$ cat upload-v4.cif   # mmCIF, C-alpha atoms
data_upload
#
loop_
_atom_site.label_atom_id
_atom_site.label_comp_id
_atom_site.auth_asym_id
_atom_site.auth_seq_id
_atom_site.Cartn_x
_atom_site.Cartn_y
_atom_site.Cartn_z
CA THR A 1 0.00 0.00 0.00
CA ASP A 2 1.13 3.57 -0.75
CA GLY A 3 -1.61 5.22 1.33
CA ARG A 4 -3.96 5.52 -1.66
CA ARG A 5 -4.00 2.06 -3.22
CA VAL A 6 -3.88 -1.50 -1.91
CA VAL A 7 -2.47 -4.48 -3.80
CA VAL A 8 -3.91 -7.89 -2.92
CA VAL A 9 -2.11 -11.05 -4.07
CA SER A 10 -3.68 -14.51 -3.96
CA ARG A 11 -1.91 -17.73 -4.84
CA PRO A 12 -4.27 -20.72 -5.13
CA SER A 13 -1.53 -22.97 -6.47
CA ARG A 14 2.12 -22.95 -7.45
CA ALA A 15 1.19 -22.21 -11.07
CA ILE A 16 -1.35 -19.42 -10.50
CA VAL A 17 -1.10 -15.94 -9.06
CA ILE A 18 -3.95 -13.44 -8.99
CA GLU A 19 -3.20 -9.79 -8.30
CA ALA A 20 -5.76 -7.03 -7.87
CA VAL A 21 -5.32 -3.33 -7.09
CA PHE A 22 -8.02 -1.48 -5.14
CA GLU A 23 -8.60 2.14 -4.16
CA ALA A 24 -8.11 2.32 -0.38
CA ALA A 25 -10.80 4.92 0.37
CA THR A 26 -13.65 3.30 -1.58
CA GLY A 27 -12.69 -0.34 -2.09
CA ARG A 28 -13.14 0.05 -5.87
CA GLU A 29 -11.08 -2.42 -7.94
CA ILE A 30 -8.71 -0.51 -10.22
CA SER A 31 -6.97 -3.39 -12.02
CA HIS A 32 -6.84 -7.17 -12.03
CA ARG A 33 -4.28 -9.66 -13.32
CA ASP A 34 -4.58 -13.44 -13.48
CA ASP A 35 -1.33 -15.19 -14.44
CA SER A 36 -2.62 -18.73 -14.77
CA ALA A 37 0.28 -20.07 -16.82
CA VAL A 38 3.42 -19.45 -14.75
CA PHE A 39 4.08 -17.96 -11.33
CA ALA A 40 6.71 -15.37 -12.22
CA THR A 41 8.50 -15.39 -8.89
CA ASP A 42 9.21 -19.11 -9.20
CA VAL A 43 10.69 -18.61 -12.67
CA ALA A 44 12.81 -15.67 -11.50
CA PHE A 45 14.00 -17.69 -8.53
CA GLN A 46 15.05 -20.67 -10.65
CA PHE A 47 16.85 -18.40 -13.12
CA MET A 48 18.66 -16.55 -10.34
CA LYS A 49 19.64 -19.80 -8.64
CA LEU A 50 21.11 -21.15 -11.87
CA ALA A 51 22.95 -17.90 -12.62
CA VAL A 52 24.47 -17.73 -9.15
CA ASP A 53 25.62 -21.35 -9.33
CA LEU A 54 27.28 -20.68 -12.66
CA ILE A 55 29.11 -17.50 -11.70
CA SER A 56 30.25 -18.78 -8.31
CA HIS A 57 31.60 -22.15 -9.54
CA ARG A 58 30.85 -23.79 -6.21
CA ASP A 59 30.28 -27.46 -5.50
CA ASP A 60 27.68 -26.57 -2.87
CA SER A 61 24.57 -26.13 -5.01
CA ALA A 62 22.27 -23.33 -3.94
CA VAL A 63 19.26 -24.35 -1.86
CA PHE A 64 17.70 -20.92 -2.34
CA ALA A 65 18.74 -17.31 -2.89
CA THR A 66 17.48 -13.79 -2.34
CA LEU A 67 18.23 -10.55 -4.15
CA GLY A 68 19.38 -7.52 -2.18
CA PRO A 69 17.98 -3.96 -2.44
CA GLY A 70 18.64 -2.46 -5.85
CA GLY A 71 19.59 -5.83 -7.29
CA ARG A 72 23.28 -5.25 -6.60
CA TRP A 73 23.92 -8.33 -4.48
CA VAL A 74 22.51 -11.80 -4.11
CA ALA A 75 22.76 -13.99 -1.01
CA ARG A 76 22.71 -17.72 -1.70
CA ALA A 77 22.22 -20.46 0.89
CA GLY A 78 24.18 -23.58 0.00
CA SER A 79 23.56 -27.21 0.88
CA ASP A 80 26.73 -27.03 2.99
CA ASN A 81 24.96 -24.53 5.33
CA THR A 82 27.05 -21.64 4.03
CA VAL A 83 25.65 -18.28 2.94
CA ARG A 84 27.60 -16.50 0.23
CA VAL A 85 27.00 -12.88 -0.77
CA ILE A 86 27.86 -12.27 -4.42
CA ASN A 87 28.16 -9.15 -6.56
CA VAL A 88 25.62 -9.65 -9.34
CA ASP A 89 27.53 -7.55 -11.90
CA THR A 90 30.94 -9.16 -11.47
CA GLY A 91 30.12 -12.58 -10.02
CA SER A 92 32.74 -12.05 -7.31
CA GLU A 93 32.14 -13.17 -3.74
CA ILE A 94 31.86 -10.33 -1.23
CA SER A 95 31.65 -12.42 1.93
CA HIS A 96 30.50 -15.77 3.28
CA PHE A 97 29.55 -17.27 6.62
CA ARG A 98 28.76 -20.80 7.71
CA LEU A 99 25.94 -21.84 10.03
CA ASP A 100 25.69 -24.92 12.21
CA ASP A 101 22.53 -26.43 10.70
CA VAL A 102 20.27 -26.37 7.67
CA ILE A 103 19.43 -22.81 6.60
CA GLN A 104 15.69 -22.18 6.45
CA ALA A 105 15.51 -18.47 5.63
CA ILE A 106 17.74 -15.60 4.54
CA GLY A 107 17.00 -11.95 3.82
CA PHE A 108 18.60 -8.54 3.36
CA SER A 109 17.95 -5.48 5.51
CA PRO A 110 16.41 -2.51 3.61
CA ASN A 111 19.72 -0.70 3.12
CA GLY A 112 21.53 -3.91 2.14
CA ARG A 113 24.01 -3.64 4.98
CA TRP A 114 23.02 -6.84 6.77
CA VAL A 115 21.82 -10.36 6.01
CA SER A 116 19.50 -12.22 8.37
CA THR A 117 19.38 -16.01 8.68
CA ALA A 118 17.23 -18.66 10.36
CA SER A 119 18.41 -22.26 10.82
CA ALA A 120 16.98 -25.65 11.75
CA ASP A 121 18.88 -25.58 15.06
CA ASN A 122 16.50 -22.85 16.30
CA THR A 123 18.97 -20.00 15.84
CA SER A 124 18.55 -16.69 14.02
CA ARG A 125 21.45 -14.37 13.31
CA ILE A 126 22.39 -11.17 11.50
CA PHE A 127 25.65 -10.78 9.58
CA ASP A 128 27.51 -7.83 8.07
CA VAL A 129 27.38 -8.13 4.26
CA ALA A 130 30.77 -6.50 3.67
CA THR A 131 32.78 -8.58 6.17
CA GLY A 132 30.69 -11.65 7.00
CA ARG A 133 31.02 -10.77 10.68
CA GLU A 134 28.16 -11.84 12.96
CA ILE A 135 26.32 -8.79 14.32
CA ALA A 136 23.61 -10.40 16.43
CA ASP A 137 22.50 -13.83 17.67
CA PHE A 138 18.95 -13.80 18.99
CA PRO A 139 18.08 -15.78 22.14
CA ARG A 140 14.95 -17.24 20.55
CA ALA A 141 14.67 -18.75 17.12
CA ALA A 142 12.79 -17.04 14.30
CA THR A 143 11.60 -18.20 10.92
CA ARG A 144 10.89 -14.67 9.67
CA LEU A 145 12.68 -11.39 10.32
CA ARG A 146 11.46 -7.92 9.33
CA PHE A 147 13.75 -4.89 9.58
CA SER A 148 12.60 -1.36 10.33
CA SER A 149 13.63 1.57 8.15
CA GLY A 150 17.15 2.56 9.00
CA ASP A 151 17.83 -1.06 10.03
CA ARG A 152 17.73 -0.14 13.73
CA TRP A 153 15.12 -2.70 14.81
CA VAL A 154 14.21 -6.19 13.67
CA ALA A 155 10.93 -7.97 14.38
CA THR A 156 11.02 -11.75 14.62
CA THR A 157 8.21 -14.27 14.26
CA ASN A 158 8.00 -18.08 14.39
CA ALA A 159 4.83 -19.04 12.59
CA GLU A 160 5.96 -22.37 11.18
CA PRO A 161 4.48 -25.66 12.48
CA GLY A 162 6.54 -27.26 15.22
CA TRP A 163 8.17 -24.03 16.44
CA ASN A 164 7.48 -23.32 20.10
CA HIS A 165 7.91 -19.55 20.29
CA THR A 166 5.29 -17.98 18.06
CA ALA A 167 4.86 -14.44 19.41
CA ALA A 168 6.50 -11.47 17.69
CA ARG A 169 9.51 -9.87 19.34
CA VAL A 170 11.50 -6.73 18.57
CA PHE A 171 15.30 -6.50 18.94
CA GLU A 172 17.80 -3.71 18.60
CA VAL A 173 20.02 -4.94 15.79
CA GLY A 174 23.33 -3.38 16.84
CA ALA A 175 23.08 -4.59 20.44
CA GLY A 176 21.26 -7.85 19.71
CA LYS A 177 19.05 -7.27 22.74
CA GLU A 178 15.27 -7.43 23.01
CA ILE A 179 13.53 -4.16 23.71
CA ALA A 180 10.22 -4.05 25.59
CA PRO A 181 8.40 -7.37 24.91
CA LEU A 182 5.19 -6.99 22.92
CA ASP A 183 1.91 -7.55 24.68
CA GLU A 184 1.26 -10.45 22.30
CA HIS A 185 0.97 -14.18 22.98
CA ARG A 186 -0.47 -15.64 19.79
CA ARG A 187 0.92 -17.28 16.68
CA VAL A 188 2.01 -14.31 14.57
CA TYR A 189 2.23 -14.85 10.82
CA THR A 190 3.48 -11.47 9.68
CA THR A 191 4.79 -8.09 10.85
CA ALA A 192 5.29 -4.61 9.39
CA PHE A 193 6.95 -1.48 10.79
CA SER A 194 5.70 2.04 10.16
CA SER A 195 8.09 4.17 8.11
CA ASN A 196 9.26 6.02 11.24
CA ALA A 197 9.70 2.69 13.11
CA ARG A 198 7.46 3.92 15.93
CA TRP A 199 4.72 1.35 15.35
CA LEU A 200 4.71 -2.38 14.59
CA ALA A 201 1.72 -4.12 13.02
CA THR A 202 1.15 -7.87 13.37
CA GLY A 203 -1.20 -10.42 11.82
CA SER A 204 -2.15 -13.48 13.89
CA ASP A 205 -3.94 -16.81 13.72
CA ASP A 206 -6.65 -15.57 16.12
CA SER A 207 -8.05 -13.45 13.25
CA PHE A 208 -6.75 -10.14 14.62
CA ALA A 209 -4.34 -7.56 13.27
CA ARG A 210 -2.73 -5.44 15.98
CA VAL A 211 -0.60 -2.32 16.23
CA PHE A 212 2.02 -1.91 18.99
CA ASP A 213 4.13 0.97 20.26
CA VAL A 214 7.69 -0.25 19.68
CA SER A 215 9.12 1.78 22.57
CA ASP A 216 7.17 -0.01 25.32
CA GLY A 217 5.54 -2.99 23.59
CA LYS A 218 2.02 -1.86 24.48
CA GLN A 219 -0.87 -2.60 22.15
CA VAL A 220 -2.51 0.56 20.82
CA ALA A 221 -5.16 -0.91 18.49
CA ASN A 222 -6.58 -4.17 17.16
CA PHE A 223 -8.67 -5.03 14.10
CA LYS A 224 -10.90 -8.07 13.64
CA HIS A 225 -11.19 -10.44 10.69
CA GLU A 226 -13.11 -13.72 10.49
CA ALA A 227 -10.05 -15.85 9.72
CA PRO A 228 -6.26 -15.77 10.34
CA VAL A 229 -4.58 -12.57 9.20
CA ARG A 230 -1.73 -13.35 6.80
CA ALA A 231 -0.56 -9.87 5.74
CA VAL A 232 -0.39 -6.35 7.18
CA ALA A 233 0.97 -3.02 5.97
CA LEU A 234 1.03 0.47 7.47
CA SER A 235 0.70 3.60 5.36
CA PRO A 236 3.79 5.87 5.35
CA ASP A 237 2.19 8.30 7.82
CA GLY A 238 0.96 5.48 10.09
CA ARG A 239 -2.65 6.65 9.77
CA TRP A 240 -3.95 3.57 7.98
CA ILE A 241 -3.40 -0.16 8.26
CA ALA A 242 -4.16 -2.56 5.41
CA THR A 243 -4.83 -6.21 6.27
CA ALA A 244 -5.45 -9.42 4.32
CA ALA A 245 -6.85 -12.64 5.74
CA ARG A 246 -8.08 -16.10 4.85
CA ASP A 247 -11.67 -14.84 5.04
CA LYS A 248 -11.24 -13.72 1.40
CA SER A 249 -11.03 -10.06 2.28
CA ALA A 250 -8.52 -7.25 2.52
CA ARG A 251 -9.49 -4.30 4.66
CA VAL A 252 -8.28 -0.79 5.42
CA PHE A 253 -8.68 0.64 8.93
CA GLU A 254 -7.94 4.03 10.46
CA VAL A 255 -5.54 3.27 13.30
CA ALA A 256 -6.54 6.11 15.63
CA THR A 257 -10.27 5.39 15.55
CA ARG A 258 -10.03 1.64 14.80
CA SER A 259 -12.78 2.14 12.24
CA GLU A 260 -12.94 0.15 9.00
CA VAL A 261 -12.93 2.50 6.02
CA SER A 262 -13.04 0.00 3.16
CA ARG A 263 -13.27 -3.72 2.51
CA LEU A 264 -11.96 -5.45 -0.58
CA THR A 265 -13.36 -8.91 -1.25
CA HIS A 266 -11.65 -11.46 -3.44
CA GLU A 267 -12.39 -15.00 -4.52
CA LEU A 268 -9.33 -16.31 -2.69
CA GLY A 269 -7.71 -15.44 0.63
CA GLY A 270 -5.15 -12.64 0.44
CA HIS A 271 -1.50 -13.25 1.32
CA ALA A 272 -0.04 -9.79 0.67
CA VAL A 273 -1.05 -6.12 0.84
#
$ encode --input "upload-v4.cif" --output "structure tokens"
Amino acid sequence: TDGRRVVVVSRPSRAIVIEAVFEAATGREISHRDDSAVFATDVAFQFMKLAVDLISHRDDSAVFATLGPGGRWVARAGSDNTVRVINVDTGSEISHFRLDDVIQAIGFSPNGRWVSTASADNTSRIFDVATGREIADFPRAATRLRFSSGDRWVATTNAEPGWNHTAARVFEVGAGKEIAPLDEHRRVYTTAFSSNARWLATGSDDSFARVFDVSDGKQVANFKHEAPVRAVALSPDGRWIATAARDKSARVFEVATRSEVSRLTHELGGHAV
């Protein structure tokens, strides 16, 4: 969402992606796209994986890879539990770091300075892209990490089956320490910071989206769906929150009043806004 429009993405199968754009204030559908032949992200991923394997000439085939901000770097997770950061233009390796167990997730921070990882041994870490030096090792495992603007904070969630700690937590990246714990004790699927990093929005399996004050972890608002909330986004000014859930709807709420201003229905449950 850019504060005026909301994009809703549904994926009923690996081969189909449906994307619709709605006007936030009225709920009117502006455009609709149904790519029933090929899911573009899967194709791009396979191409990138092949390209990285070719330019790096490594024996450890890539398990998966992610592109950094601006497309300058790519981080590839190898079957040998090593992450390698590669310059896309030159194919040269910038840095690498090895983890102790199977890598389950990797991602870049917004400014491309850091790479986050999650492993099967219930560890999550942040590394410096330029040097490969470990910056932070979080005391609780996470399967998903979301950085704030400026890369000061990171929100962690553990929404995968079999993971014990499912609530969202916020850490100061440089110090690796948890700030005020969120007043949240549910399975959290997704998180999103406001652009000024003052607020954190969460989407949970109890059908609620919530907004928290990052400084003290207190809940300031909540918004009800009829099914688990799988995606949240805050407008740049923090006035609006967009949500998408398995109840086949995406909604826009005014945070201050908690009032619903528009509802966007779709034939399939939304997974992104």
$ resolve_selection --input "upload-v4.cif" --expression "the PyMOL selection byres ((chain A and resi 100) around 9)" --output "MDAnalysis selection string"
chainID A and resid 81:82 98:99 101:103 119:121
$ residues_around --input "upload-v4.cif" --residues "Phe147 (chain A)" --least-positions-apart "5" --cutoff "10 Å" --atoms "only C-alpha atoms" --output "VMD selection string"
chain A and resid 107 to 111 114 116 152 to 156 170 to 173 191 to 193 197
$ write_last_selection --input "upload-v4.cif" --atoms "C-alpha atoms" --output "compact mmCIF listing (two decimals), in the frame of the given file"
# COMPACT_ATOMS: atom_id res chain seq x y z
CA GLY A 107 17.00 -11.95 3.82
CA PHE A 108 18.60 -8.54 3.36
CA SER A 109 17.95 -5.48 5.51
CA PRO A 110 16.41 -2.51 3.61
CA ASN A 111 19.72 -0.70 3.12
CA TRP A 114 23.02 -6.84 6.77
CA SER A 116 19.50 -12.22 8.37
CA ARG A 152 17.73 -0.14 13.73
CA TRP A 153 15.12 -2.70 14.81
CA VAL A 154 14.21 -6.19 13.67
CA ALA A 155 10.93 -7.97 14.38
CA THR A 156 11.02 -11.75 14.62
CA VAL A 170 11.50 -6.73 18.57
CA PHE A 171 15.30 -6.50 18.94
CA GLU A 172 17.80 -3.71 18.60
CA VAL A 173 20.02 -4.94 15.79
CA THR A 191 4.79 -8.09 10.85
CA ALA A 192 5.29 -4.61 9.39
CA PHE A 193 6.95 -1.48 10.79
CA ALA A 197 9.70 2.69 13.11
$ resolve_selection --input "upload-v4.cif" --expression "the PyMOL selection byres ((chain A and resi 242) around 7)" --output "PyMOL selection string"
chain A and resi 232-234+240-241+243+251-253+273
$ atom_distance --input "upload-v4.cif" --atom1 "CA of Asp89 (chain A)" --atom2 "CA of Trp73 (chain A)"
8.3 Å
$ closest_residue --input "upload-v4.cif" --among "A:Ser204, A:Asn196, A:Thr157, A:Thr123" --to "Ala136 (chain A)" --atoms "all atoms listed in the file"
A:Thr123
$ resolve_selection --input "upload-v4.cif" --expression "the PyMOL selection byres ((chain A and resi 239) around 10)" --output "list in words"
Gly3, Ser194, Leu234, Ser235, Pro236, Asp237, Gly238, Trp240, Ile241, Phe253, Glu254, Val255, Ala256 and Thr257 of chain A
$ residues_around --input "upload-v4.cif" --residues "Ser215 (chain A)" --least-positions-apart "4" --cutoff "10 Å" --atoms "only C-alpha atoms" --output "list in words"
Val170, Ile179, Ala180, Pro181, Leu182, Ala197, Arg198 and Trp199 of chain A
$ atom_distance --input "upload-v4.cif" --atom1 "CA of Ala250 (chain A)" --atom2 "CA of Ser149 (chain A)"
24.5 Å
$ atom_distance --input "upload-v4.cif" --atom1 "CA of Asn158 (chain A)" --atom2 "CA of Ile94 (chain A)"
29.6 Å
$ decode --input "upload-v4.cif" --residues "region 238-259 of chain A" --atoms "N, CA and C atoms" --output "mmCIF file, in the first residue's frame"
data_model
loop_
_atom_site.group_PDB
_atom_site.id
_atom_site.type_symbol
_atom_site.label_atom_id
_atom_site.label_comp_id
_atom_site.auth_asym_id
_atom_site.auth_seq_id
_atom_site.Cartn_x
_atom_site.Cartn_y
_atom_site.Cartn_z
ATOM 1 N N GLY A 238 1.453 6.252 8.963
ATOM 2 C CA GLY A 238 0.958 5.480 10.093
ATOM 3 C C GLY A 238 -0.518 5.667 10.386
ATOM 4 N N ARG A 239 -1.227 6.381 9.517
ATOM 5 C CA ARG A 239 -2.647 6.653 9.773
ATOM 6 C C ARG A 239 -3.527 5.445 9.459
ATOM 7 N N TRP A 240 -3.131 4.681 8.445
ATOM 8 C CA TRP A 240 -3.948 3.570 7.981
ATOM 9 C C TRP A 240 -3.204 2.246 8.132
ATOM 10 N N ILE A 241 -3.958 1.180 8.311
ATOM 11 C CA ILE A 241 -3.402 -0.161 8.263
ATOM 12 C C ILE A 241 -4.214 -0.971 7.259
ATOM 13 N N ALA A 242 -3.516 -1.657 6.366
ATOM 14 C CA ALA A 242 -4.157 -2.564 5.409
ATOM 15 C C ALA A 242 -3.906 -3.993 5.877
ATOM 16 N N THR A 243 -4.923 -4.832 5.798
ATOM 17 C CA THR A 243 -4.825 -6.211 6.272
ATOM 18 C C THR A 243 -5.411 -7.155 5.225
ATOM 19 N N ALA A 244 -4.901 -8.381 5.202
ATOM 20 C CA ALA A 244 -5.450 -9.417 4.323
ATOM 21 C C ALA A 244 -5.528 -10.706 5.120
ATOM 22 N N ALA A 245 -6.621 -11.447 4.935
ATOM 23 C CA ALA A 245 -6.851 -12.641 5.743
ATOM 24 C C ALA A 245 -7.427 -13.772 4.901
ATOM 25 N N ARG A 246 -7.527 -14.928 5.532
ATOM 26 C CA ARG A 246 -8.078 -16.096 4.852
ATOM 27 C C ARG A 246 -9.595 -16.047 4.721
ATOM 28 N N ASP A 247 -10.227 -14.990 5.203
ATOM 29 C CA ASP A 247 -11.671 -14.838 5.045
ATOM 30 C C ASP A 247 -12.034 -14.214 3.697
ATOM 31 N N LYS A 248 -11.053 -14.218 2.772
ATOM 32 C CA LYS A 248 -11.235 -13.724 1.404
ATOM 33 C C LYS A 248 -11.471 -12.218 1.352
ATOM 34 N N SER A 249 -10.879 -11.516 2.292
ATOM 35 C CA SER A 249 -11.026 -10.061 2.284
ATOM 36 C C SER A 249 -9.714 -9.382 2.628
ATOM 37 N N ALA A 250 -9.548 -8.195 2.070
ATOM 38 C CA ALA A 250 -8.516 -7.252 2.516
ATOM 39 C C ALA A 250 -9.257 -6.019 2.997
ATOM 40 N N ARG A 251 -8.770 -5.421 4.073
ATOM 41 C CA ARG A 251 -9.489 -4.296 4.665
ATOM 42 C C ARG A 251 -8.518 -3.157 4.982
ATOM 43 N N VAL A 252 -9.051 -1.960 5.027
ATOM 44 C CA VAL A 252 -8.279 -0.785 5.421
ATOM 45 C C VAL A 252 -8.962 -0.171 6.638
ATOM 46 N N PHE A 253 -8.175 0.048 7.698
ATOM 47 C CA PHE A 253 -8.682 0.637 8.934
ATOM 48 C C PHE A 253 -7.927 1.927 9.229
ATOM 49 N N GLU A 254 -8.610 2.854 9.903
ATOM 50 C CA GLU A 254 -7.938 4.032 10.460
ATOM 51 C C GLU A 254 -7.442 3.645 11.854
ATOM 52 N N VAL A 255 -6.143 3.757 12.065
ATOM 53 C CA VAL A 255 -5.544 3.267 13.304
ATOM 54 C C VAL A 255 -6.073 4.006 14.525
ATOM 55 N N ALA A 256 -6.155 5.311 14.458
ATOM 56 C CA ALA A 256 -6.538 6.111 15.631
ATOM 57 C C ALA A 256 -7.949 5.798 16.115
ATOM 58 N N THR A 257 -8.874 5.618 15.181
ATOM 59 C CA THR A 257 -10.274 5.390 15.554
ATOM 60 C C THR A 257 -10.660 3.915 15.533
ATOM 61 N N ARG A 258 -9.786 3.082 14.952
ATOM 62 C CA ARG A 258 -10.028 1.643 14.796
ATOM 63 C C ARG A 258 -11.219 1.352 13.888
ATOM 64 N N SER A 259 -11.610 2.317 13.097
ATOM 65 C CA SER A 259 -12.776 2.138 12.238
ATOM 66 C C SER A 259 -12.361 1.595 10.871
#
